[in-house]
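Undergrad: Sharing target.csv, CSV, C-alpha atoms and all ligand atoms:
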```csv
chain,number,residue,atom,x,y,z
C,1,MET,CA,60.2,92.4,37.8
C,2,TRP,CA,58.2,89.8,35.8
C,3,ARG,CA,57.8,90.1,32.1
C,4,ILE,CA,55.4,88.2,29.8
C,5,ARG,CA,57.1,86.4,26.9
C,6,SER,CA,56.2,88.2,23.7
C,7,SER,CA,55.1,85.0,22.0
C,8,ILE,CA,52.5,84.7,24.8
C,9,ARG,CA,51.5,88.3,24.8
C,10,ARG,CA,50.6,88.1,21.1
C,11,LEU,CA,48.1,85.2,21.6
C,12,PRO,CA,44.4,86.1,21.5
C,13,ARG,CA,42.4,85.6,24.7
C,14,ALA,CA,39.8,83.0,24.9
C,15,GLU,CA,36.4,84.3,23.8
C,16,ALA,CA,33.6,84.6,26.4
C,17,PRO,CA,30.8,82.0,25.9
C,18,PRO,CA,27.5,83.3,24.6
C,19,GLU,CA,25.1,84.4,27.3
C,20,VAL,CA,22.3,82.2,26.1
C,21,PRO,CA,23.6,78.8,24.9
C,22,ALA,CA,22.2,77.7,21.6
C,23,ARG,CA,19.3,75.2,21.6
C,24,ILE,CA,21.0,73.2,18.8
C,25,CYS,CA,24.8,73.0,18.9
C,26,LEU,CA,26.2,72.3,15.4
C,27,ASP,CA,29.3,74.3,15.8
C,28,LYS,CA,32.0,72.1,17.4
C,29,ASN,CA,31.9,68.8,15.4
C,30,GLU,CA,30.9,66.9,18.5
C,31,SER,CA,28.8,63.7,18.3
C,32,PRO,CA,25.1,64.6,18.7
C,33,PHE,CA,24.7,61.4,20.8
C,34,ASP,CA,25.7,61.0,24.4
C,35,LEU,CA,26.0,57.4,25.5
C,36,PRO,CA,22.5,55.8,25.7
C,37,HIS,CA,21.2,55.5,29.2
C,38,GLY,CA,21.9,51.8,29.7
C,39,LEU,CA,25.5,52.0,28.5
C,40,LYS,CA,26.2,55.1,30.5
C,41,LYS,CA,25.0,53.4,33.6
C,42,GLU,CA,27.2,50.4,32.8
C,43,LEU,CA,30.2,52.7,32.4
C,44,PHE,CA,29.5,54.6,35.5
C,45,GLU,CA,29.4,51.4,37.5
C,46,LYS,CA,32.9,50.6,36.2
C,47,LEU,CA,34.0,54.1,37.0
C,48,SER,CA,32.7,53.8,40.6
C,49,LYS,CA,35.3,51.0,41.2
C,50,ILE,CA,38.3,53.2,40.2
C,51,PRO,CA,40.4,54.2,43.2
C,52,LEU,CA,40.6,58.0,42.9
C,53,ASN,CA,43.3,58.3,45.5
C,54,ARG,CA,45.7,56.4,43.1
C,55,TYR,CA,47.5,57.8,40.0
C,56,PRO,CA,46.3,56.4,36.7
C,57,PRO,CA,48.1,53.4,35.2
C,58,VAL,CA,51.2,54.1,33.2
C,59,TYR,CA,52.2,53.0,29.8
C,60,PRO,CA,51.3,50.6,28.3
C,61,THR,CA,47.7,51.2,29.5
C,62,GLU,CA,45.0,48.8,28.8
C,63,LEU,CA,43.5,51.4,26.5
C,64,GLU,CA,46.7,51.6,24.4
C,65,GLY,CA,46.5,47.8,24.1
C,66,LYS,CA,42.9,48.0,22.9
C,67,ILE,CA,43.7,50.7,20.4
C,68,ALA,CA,46.7,48.7,19.1
C,69,GLY,CA,44.4,45.7,18.7
C,70,TYR,CA,41.8,47.7,16.9
C,71,LEU,CA,44.5,49.0,14.4
C,72,ASN,CA,46.3,45.7,14.1
C,73,LEU,CA,49.5,47.3,15.5
C,74,SER,CA,51.5,46.9,18.7
C,75,PRO,CA,51.0,49.0,21.9
C,76,GLU,CA,54.6,50.3,21.0
C,77,ASN,CA,53.0,52.2,18.2
C,78,VAL,CA,50.3,53.9,20.2
C,79,ILE,CA,50.2,56.7,22.8
C,80,VAL,CA,47.2,58.2,24.5
C,81,ALA,CA,47.0,61.8,25.6
C,82,ASN,CA,44.7,64.4,27.1
C,83,GLY,CA,43.0,65.1,23.7
C,84,SER,CA,44.9,64.9,20.4
C,85,ASP,CA,45.4,68.7,20.9
C,86,GLU,CA,48.0,67.8,23.6
C,87,LEU,CA,49.8,65.6,21.2
C,88,ILE,CA,50.2,68.5,18.7
C,89,GLY,CA,52.1,70.5,21.3
C,90,LEU,CA,54.2,67.5,22.3
C,91,ILE,CA,55.2,66.7,18.7
C,92,LEU,CA,56.6,70.2,18.3
C,93,LYS,CA,58.8,69.6,21.3
C,94,VAL,CA,60.4,66.5,19.7
C,95,PHE,CA,61.7,67.6,16.4
C,96,GLU,CA,64.3,70.2,15.3
C,97,GLY,CA,63.3,72.8,12.8
C,98,ASP,CA,62.4,76.5,12.7
C,99,HIS,CA,59.0,76.3,11.2
C,100,ILE,CA,55.9,74.2,10.6
C,101,VAL,CA,54.0,73.9,7.4
C,102,ILE,CA,50.2,74.1,7.3
C,103,SER,CA,47.7,74.3,4.4
C,104,SER,CA,44.9,76.7,5.1
C,105,PRO,CA,42.0,76.7,5.6
C,106,THR,CA,42.7,74.1,8.3
C,107,PHE,CA,42.5,73.3,12.0
C,108,GLY,CA,43.6,76.3,14.1
C,109,MET,CA,45.5,74.4,16.8
C,110,TYR,CA,48.6,73.8,14.6
C,111,GLY,CA,49.3,77.5,14.5
C,112,PHE,CA,48.4,77.9,18.2
C,113,PHE,CA,51.1,75.4,19.3
C,114,ALA,CA,53.6,76.8,16.9
C,115,ALA,CA,53.1,80.2,18.4
C,116,LEU,CA,53.6,78.7,21.9
C,117,GLU,CA,56.9,77.3,20.7
C,118,GLY,CA,57.8,80.6,19.1
C,119,ILE,CA,58.3,79.0,15.6
C,120,LYS,CA,57.2,80.3,12.2
C,121,VAL,CA,54.1,79.0,10.4
C,122,ILE,CA,54.5,78.6,6.7
C,123,ASP,CA,51.2,78.4,5.0
C,124,VAL,CA,50.9,76.7,1.6
C,125,PRO,CA,47.1,77.3,1.0
C,126,LEU,CA,45.0,74.5,-0.3
C,127,GLY,CA,44.1,74.9,-4.0
C,128,GLU,CA,40.8,75.7,-5.7
C,129,GLY,CA,39.4,72.3,-5.0
C,130,PHE,CA,41.0,72.3,-1.5
C,131,GLU,CA,43.9,70.0,-2.7
C,132,LEU,CA,47.4,70.2,-1.2
C,133,GLY,CA,49.7,72.7,-2.8
C,134,ASP,CA,53.5,72.5,-3.1
C,135,VAL,CA,54.2,71.8,0.5
C,136,GLU,CA,57.4,70.0,-0.5
C,137,ALA,CA,58.9,73.5,-1.3
C,138,HIS,CA,59.0,74.1,2.5
C,139,THR,CA,59.8,70.7,4.0
C,140,ASP,CA,63.5,71.5,4.4
C,141,GLY,CA,64.1,72.5,8.0
C,142,ALA,CA,60.4,71.9,8.9
C,143,ARG,CA,59.8,70.8,12.5
C,144,ALA,CA,56.5,69.2,11.2
C,145,VAL,CA,54.3,69.3,8.2
C,146,PHE,CA,50.6,69.2,9.2
C,147,ILE,CA,48.2,67.5,6.9
C,148,CYS,CA,44.6,67.2,8.0
C,149,SER,CA,42.6,64.6,6.2
C,150,PRO,CA,39.6,64.8,6.2
C,151,ASN,CA,40.4,68.4,6.5
C,152,ASN,CA,38.6,70.7,9.0
C,153,PRO,CA,36.8,72.9,7.9
C,154,THR,CA,36.6,71.8,4.2
C,155,GLY,CA,35.6,68.2,4.7
C,156,ASN,CA,37.7,66.7,1.9
C,157,THR,CA,40.4,64.1,2.2
C,158,HIS,CA,43.8,64.2,0.5
C,159,PRO,CA,44.7,61.2,-1.8
C,160,LYS,CA,47.1,58.6,-0.3
C,161,ARG,CA,49.6,59.1,-3.2
C,162,ARG,CA,49.8,62.8,-2.4
C,163,ILE,CA,50.5,62.1,1.3
C,164,ILE,CA,53.2,59.6,0.3
C,165,GLU,CA,54.8,62.2,-1.8
C,166,VAL,CA,55.1,64.5,1.2
C,167,LEU,CA,56.4,61.6,3.4
C,168,GLU,CA,59.1,60.8,0.8
C,169,THR,CA,60.7,64.2,1.6
C,170,GLY,CA,61.6,62.7,5.0
C,171,ALA,CA,60.3,65.6,6.9
C,172,PRO,CA,58.1,64.8,10.0
C,173,VAL,CA,54.5,64.6,8.8
C,174,VAL,CA,51.6,64.9,11.2
C,175,LEU,CA,48.6,63.4,9.6
C,176,ASP,CA,45.5,64.5,11.5
C,177,GLU,CA,42.8,61.9,11.1
C,178,ALA,CA,40.3,63.3,13.7
C,179,TYR,CA,37.5,62.5,11.3
C,180,THR,CA,38.7,59.3,9.7
C,181,GLU,CA,35.9,57.2,11.0
C,182,PHE,CA,33.5,59.1,8.7
C,183,ALA,CA,35.8,58.8,5.6
C,184,LYS,CA,36.2,56.1,3.0
C,185,GLU,CA,39.8,55.4,3.7
C,186,SER,CA,42.4,55.8,6.4
C,187,ASN,CA,46.2,56.1,6.0
C,188,ILE,CA,47.1,54.1,9.1
C,189,ASP,CA,48.8,51.4,6.9
C,190,LEU,CA,51.5,54.0,6.1
C,191,VAL,CA,52.8,53.9,9.7
C,192,LYS,CA,54.6,50.6,8.9
C,193,ASP,CA,56.5,52.1,6.0
C,194,TYR,CA,57.3,55.7,7.2
C,195,ASP,CA,59.1,56.5,10.5
C,196,ASN,CA,58.5,60.2,9.8
C,197,LEU,CA,54.7,59.7,10.0
C,198,ILE,CA,52.7,60.5,13.1
C,199,ILE,CA,48.9,60.0,12.8
C,200,LEU,CA,46.6,61.7,15.2
C,201,ARG,CA,43.2,60.3,16.2
C,202,THR,CA,40.7,61.3,18.8
C,203,PHE,CA,37.7,60.0,20.9
C,204,SER,CA,36.1,63.5,20.6
C,205,LYS,CA,34.2,63.0,17.3
C,206,ALA,CA,33.0,59.5,16.1
C,207,PHE,CA,33.5,58.0,19.6
C,208,GLY,CA,31.4,60.7,21.2
C,209,LEU,CA,33.8,61.4,24.2
C,210,ALA,CA,34.7,65.1,23.6
C,211,GLY,CA,34.1,65.8,27.3
C,212,ALA,CA,36.5,63.1,28.4
C,213,ARG,CA,39.5,64.7,26.5
C,214,LEU,CA,41.1,61.7,25.0
C,215,GLY,CA,43.2,61.4,21.9
C,216,TYR,CA,46.0,59.2,20.6
C,217,ALA,CA,48.9,59.2,18.2
C,218,VAL,CA,50.1,56.3,16.1
C,219,ALA,CA,53.7,56.1,14.8
C,220,SER,CA,56.7,53.9,14.4
C,221,GLU,CA,58.1,52.4,17.6
C,222,GLU,CA,61.1,54.7,17.4
C,223,THR,CA,59.2,57.9,17.0
C,224,MET,CA,56.8,56.9,19.7
C,225,GLY,CA,59.8,56.4,22.1
C,226,TYR,CA,60.5,60.1,21.7
C,227,LEU,CA,56.9,61.2,22.3
C,228,ARG,CA,56.9,59.1,25.4
C,229,ARG,CA,59.9,61.0,26.7
C,230,VAL,CA,58.1,64.4,26.4
C,231,ILE,CA,54.6,63.5,27.6
C,232,PRO,CA,53.9,64.6,31.1
C,233,PRO,CA,53.3,61.6,33.4
C,234,PHE,CA,49.7,60.7,34.0
C,235,SER,CA,48.5,63.0,31.2
C,236,VAL,CA,45.2,61.1,30.9
C,237,ASN,CA,43.1,60.5,34.0
C,238,SER,CA,41.9,57.1,35.1
C,239,LEU,CA,38.2,57.9,34.4
C,240,SER,CA,38.8,58.9,30.8
C,241,LEU,CA,41.1,55.9,30.2
C,242,LYS,CA,38.3,53.6,31.4
C,243,ALA,CA,35.7,55.5,29.2
C,244,GLY,CA,37.9,54.9,26.2
C,245,GLU,CA,38.3,51.2,27.0
C,246,PHE,CA,34.5,51.0,27.4
C,247,MET,CA,34.0,52.4,23.9
C,248,PHE,CA,36.2,49.6,22.4
C,249,GLU,CA,33.9,47.1,24.2
C,250,HIS,CA,31.0,48.7,22.3
C,251,LEU,CA,32.3,49.2,18.8
C,252,ASP,CA,29.0,48.0,17.4
C,253,TYR,CA,27.3,51.0,19.0
C,254,VAL,CA,30.0,53.3,17.7
C,255,GLY,CA,29.6,51.8,14.2
C,256,HIS,CA,25.9,52.4,14.4
C,257,VAL,CA,26.4,56.1,15.2
C,258,ILE,CA,28.9,56.5,12.5
C,259,LYS,CA,26.5,55.0,9.9
C,260,TYR,CA,23.7,57.3,11.1
C,261,ILE,CA,25.9,60.4,10.9
C,262,ILE,CA,27.1,59.5,7.4
C,263,GLU,CA,23.5,59.0,6.2
C,264,GLU,CA,22.4,62.3,7.7
C,265,ARG,CA,25.5,64.1,6.2
C,266,GLU,CA,24.5,62.8,2.7
C,267,ARG,CA,20.9,63.9,3.3
C,268,LEU,CA,22.0,67.4,4.2
C,269,TYR,CA,24.4,67.5,1.2
C,270,ARG,CA,21.6,66.5,-1.2
C,271,GLU,CA,19.3,69.2,0.4
C,272,PHE,CA,21.9,71.9,-0.2
C,273,LYS,CA,23.9,70.6,-3.2
C,274,ASP,CA,24.1,74.1,-4.6
C,275,TYR,CA,25.8,75.5,-1.5
C,276,ALA,CA,27.5,72.5,0.2
C,277,TYR,CA,30.9,70.9,-0.5
C,278,PRO,CA,31.2,67.1,-0.5
C,279,SER,CA,32.4,65.9,2.9
C,280,GLU,CA,34.0,62.8,4.4
C,281,ALA,CA,33.7,64.1,7.9
C,282,ASN,CA,30.8,64.7,10.4
C,283,PHE,CA,30.3,68.3,9.1
C,284,LEU,CA,29.6,70.2,5.9
C,285,LEU,CA,31.2,73.4,4.6
C,286,MET,CA,28.5,75.6,3.1
C,287,LYS,CA,28.7,78.7,1.1
C,288,LEU,CA,25.9,80.4,3.0
C,289,ASP,CA,26.4,83.5,5.2
C,290,ALA,CA,23.8,82.2,7.6
C,291,HIS,CA,25.6,82.2,11.0
C,292,ASP,CA,23.8,85.1,12.6
C,293,PHE,CA,20.5,84.2,11.1
C,294,LEU,CA,20.7,80.7,12.5
C,295,LEU,CA,21.9,81.8,15.9
C,296,LYS,CA,18.9,84.1,16.3
C,297,ARG,CA,16.8,80.9,15.8
C,298,GLY,CA,18.8,79.0,18.4
C,299,ILE,CA,21.1,77.1,16.1
C,300,ALA,CA,24.8,77.5,16.5
C,301,VAL,CA,27.1,76.8,13.5
C,302,LYS,CA,30.7,77.8,13.0
C,303,LYS,CA,31.2,81.1,11.2
C,304,LEU,CA,34.3,81.0,9.0
C,305,GLY,CA,36.6,83.9,8.0
C,306,GLY,CA,39.5,84.7,5.7
C,307,ARG,CA,39.2,83.0,2.4
C,308,LEU,CA,36.0,81.3,3.6
C,309,GLU,CA,34.3,84.5,4.6
C,310,GLY,CA,30.6,84.1,4.0
C,311,HIS,CA,30.8,80.4,4.6
C,312,ILE,CA,29.6,78.3,7.6
C,313,ARG,CA,30.7,74.9,8.9
C,314,VAL,CA,27.7,72.8,10.0
C,315,THR,CA,28.1,69.7,12.2
C,316,VAL,CA,25.8,66.9,11.3
C,317,GLY,CA,23.3,66.6,14.2
C,318,ARG,CA,20.4,64.3,15.1
C,319,LYS,CA,17.7,63.8,12.5
C,320,GLU,CA,15.3,66.2,14.2
C,321,GLU,CA,18.1,68.8,14.6
C,322,ASN,CA,19.0,68.5,11.0
C,323,ASP,CA,15.3,68.9,10.0
C,324,GLU,CA,15.2,72.1,11.9
C,325,LEU,CA,18.5,73.2,10.3
C,326,ILE,CA,17.1,72.4,6.8
C,327,ARG,CA,13.9,74.4,7.5
C,328,ASN,CA,15.8,77.4,8.7
C,329,LEU,CA,18.4,77.4,5.9
C,330,ARG,CA,15.7,77.0,3.3
C,331,GLU,CA,14.1,80.2,4.8
C,332,PHE,CA,17.5,81.9,4.7
C,333,ILE,CA,18.0,81.0,1.1
C,334,ASN,CA,14.5,82.2,0.1
C,335,LEU,CA,15.0,85.5,2.0
C,336,THR,CA,18.4,86.2,0.4
C,337,ALA,CA,17.6,85.1,-3.1
C,338,ASP,CA,17.4,88.0,-5.6
O,1,LIG,C1,38.3,68.1,16.8
O,1,LIG,C2,39.6,68.0,16.2
O,1,LIG,C3,40.7,67.4,16.9
O,1,LIG,C4,40.4,66.7,18.2
O,1,LIG,O1,41.0,67.3,19.2
O,1,LIG,P1,40.9,66.7,20.7
O,1,LIG,O2,41.9,67.4,21.4
O,1,LIG,O3,41.2,65.2,20.6
O,1,LIG,O4,39.5,66.9,21.2
O,1,LIG,C5,41.9,67.2,16.3
O,1,LIG,N1,42.1,67.7,15.0
O,1,LIG,C6,41.1,68.2,14.3
O,1,LIG,C7,41.4,68.6,12.9
O,1,LIG,C8,39.9,68.4,14.9
O,1,LIG,O5,38.9,69.0,14.2
```
Give the structure from the file, written as structure tokens.
Ligand SMILES: *Cc1c(COP(=O)(O)O)cnc(C)c1O

TA:
Amino acid sequence: MWRIRSSIRRLPRAEAPPEVPARICLDKNESPFDLPHGLKKELFEKLSKIPLNRYPPVYPTELEGKIAGYLNLSPENVIVANGSDELIGLILKVFEGDHIVISSPTFGMYGFFAALEGIKVIDVPLGEGFELGDVEAHTDGARAVFICSPNNPTGNTHPKRRIIEVLETGAPVVLDEAYTEFAKESNIDLVKDYDNLIILRTFSKAFGLAGARLGYAVASEETMGYLRRVIPPFSVNSLSLKAGEFMFEHLDYVGHVIKYIIEERERLYREFKDYAYPSEANFLLMKLDAHDFLLKRGIAVKKLGGRLEGHIRVTVGRKEENDELIRNLREFINLTAD
């Protein structure tokens, strides 16, 4: 007789996609730009030369070398994976400890992978201004402490000195920098000083490759050695590896997109100053219960719950998409004003 593990039975099932996809998708923090036609053609010509009968290259891949060069580190400090989500799961396999520490509201995948491992999630909620609370009170016996900066879905970063305070406890700290390209400052420099730090990055947001499923972690050589022991061989396929390399050959284009998104983010923030929180990511948290209203008009945004009930998270889109968002949100505000 087969039986389902209780930790698995408790997980929610994936939701069915909407029957009519939204016209404007501002709900997943993706880049609003696919590669321009010329670049895409160039990439696909490179992809056409990849032998699909062969397994992908193994560590250190050319991509790991390029990432290391970009960060001024060694390939020994870098590991690529099938999305940074995969790395969250792998990290939880490496360390001892009976719980993880998160600071809600934050990214849902930390709790998801803890549930898969059957370990406890201790939540030290962010403060009034979304600042980190006393996570140090729970670092003893922690398998990992998750810090997301810029944080999804609030958009704020945590100060470096605060991150250092948590690192000083010696507990494994996973610093999720999925949105760092849109922020003023990164914490990658701390990898040199702290063996207990693992930084997660992704190609899904600023680099515009969400469909390729490509993420990476950065940590000390020693910590990386353990991650390399648990990662399934050939986790990243040859096509995605090549797509990642290609982006590093076109960093000027990536930089251009990042600048555009930041400018548009600030424009949206100015438009909705009374409702939006400042953001260092490619999205804005807004105190507007406009999810259903917008969806009826073909615009998908993320509806938030719990402590952020009545809030939405809006991904910064292309200019014309943002214009339409602004028009509709203005209408929503006028309708609901007393
Ligand atoms: C989008 C996102 C990721 C990226 O995950 P991938 O698996 O690389 O697509 C990681 N962390 C946070 C907080 C995110 O919002």

Undergrad: Select the residues contacting ligand LIG 1 (chain O) at a distance of at most 9 Å, based on only C-alpha atoms and all ligand atoms, then format the selection as a compact mmCIF listing (two decimals) with C-alpha atoms, keeping the file's coordinate frame.

TA:
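What landed in out.txt:
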```txt
# COMPACT_ATOMS: atom_id res chain seq x y z
CA LYS C 28 32.00 72.10 17.40
CA ASN C 29 31.90 68.80 15.40
CA GLU C 30 30.90 66.90 18.50
CA ALA C 81 47.00 61.80 25.60
CA ASN C 82 44.70 64.40 27.10
CA GLY C 83 43.00 65.10 23.70
CA SER C 84 44.90 64.90 20.40
CA ASP C 85 45.40 68.70 20.90
CA GLU C 86 48.00 67.80 23.60
CA LEU C 87 49.80 65.60 21.20
CA ILE C 88 50.20 68.50 18.70
CA THR C 106 42.70 74.10 8.30
CA PHE C 107 42.50 73.30 12.00
CA GLY C 108 43.60 76.30 14.10
CA MET C 109 45.50 74.40 16.80
CA TYR C 110 48.60 73.80 14.60
CA CYS C 148 44.60 67.20 8.00
CA SER C 149 42.60 64.60 6.20
CA PRO C 150 39.60 64.80 6.20
CA ASN C 151 40.40 68.40 6.50
CA ASN C 152 38.60 70.70 9.00
CA PRO C 153 36.80 72.90 7.90
CA ASP C 176 45.50 64.50 11.50
CA GLU C 177 42.80 61.90 11.10
CA ALA C 178 40.30 63.30 13.70
CA TYR C 179 37.50 62.50 11.30
CA LEU C 200 46.60 61.70 15.20
CA ARG C 201 43.20 60.30 16.20
CA THR C 202 40.70 61.30 18.80
CA PHE C 203 37.70 60.00 20.90
CA SER C 204 36.10 63.50 20.60
CA LYS C 205 34.20 63.00 17.30
CA LEU C 209 33.80 61.40 24.20
CA ALA C 210 34.70 65.10 23.60
CA GLY C 211 34.10 65.80 27.30
CA ALA C 212 36.50 63.10 28.40
CA ARG C 213 39.50 64.70 26.50
CA LEU C 214 41.10 61.70 25.00
CA GLY C 215 43.20 61.40 21.90
CA TYR C 216 46.00 59.20 20.60
```

Undergrad: For each of C:Ala206, C:Val94, C:Leu71, C:Val316, take the minimum atom-to-atom distance to Tyr253 in chain C, counting all atoms listed in the file, then give the residue where this is smallest.

TA: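 Closest to Tyr253 in chain C of all the choices is C:Ala206.
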
Undergrad: Excluding range 58-65 of chain C and its own-chain neighbours fewer than 4 positions away, which residues fall within 10 Å of it when counting only C-alpha atoms? Please give them as JSON, numbers by chain.

TA: {"C": [69, 70, 71, 73, 74, 75, 76, 77, 78, 79, 80, 216, 228, 233, 234, 235, 236, 238, 240, 241, 242, 243, 244, 245, 246, 247, 248]}

Undergrad: Skip Val314 in chain C itself and residues of its chain fewer than 6 positions away, then list as a VMD selection string all residues within 6 Å of it, counting all atoms listed in the file.

TA: chain C and resid 26 283 to 284 301

Undergrad: Hey, which of C:Arg23, C:Arg297, C:His291, C:Arg327 ends up closest to His311 in chain C? Count all atoms listed in the file.

TA: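 Closest residue, counting all atoms listed in the file: C:His291.
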
Undergrad: Just give me the gap between CA of Asp34 in chain C and CA of Phe207 in chain C in Å, one decimal is fine.

TA: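 Between CA of Asp34 in chain C and CA of Phe207 in chain C the gap is 9.6 Å.
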
Undergrad: Considering only C-alpha atoms, return as a list of chain:residue names whatever protein or nucleic-acid residues lie within 7 Å of range 130-132 of chain C, sequence-local ones (same chain, fewer than 4 positions apart) excluded.

TA: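 Returned residues: C:Ser103, C:Leu126, C:His158.
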
Undergrad: Can I get the selected residues back with C-alpha atoms, as a PDB file, keeping the file's coordinate frame?

TA:
```pdb
ATOM      1  CA  SER C 103      47.700  74.300   4.400  1.00  0.00           C
ATOM      2  CA  LEU C 126      45.000  74.500  -0.300  1.00  0.00           C
ATOM      3  CA  HIS C 158      43.800  64.200   0.500  1.00  0.00           C
TER       4      HIS C 158
END
```

Undergrad: Box for range 108-115 of chain C - axis-aligned, 8 Å on each of the six sides, all listed atoms - centre and size in Å to one decimal, as lines of an AutoDock Vina configuration file.

TA:
```
center_x = 48.6
center_y = 77.0
center_z = 16.7
size_x = 26.0
size_y = 22.4
size_z = 21.2
```

Undergrad: What does the distance from CA of Ala219 in chain C to CA of Asp195 in chain C come to in Å, to one decimal?

TA: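 Separation of CA of Ala219 in chain C and CA of Asp195 in chain C: 6.9 Å.
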
Undergrad: Using all atoms listed in the file for the distances, tell me which of C:Gly127, C:Gly118, C:Gly97, C:Pro278 is nearest to Ala183 in chain C.

TA: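 Checking each candidate against Ala183 in chain C, we get C:Pro278 as the closest.
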
Undergrad: Hey, can you check how far CA of Ile326 in chain C sits from CA of Arg307 in chain C?

TA: 24.9 Å
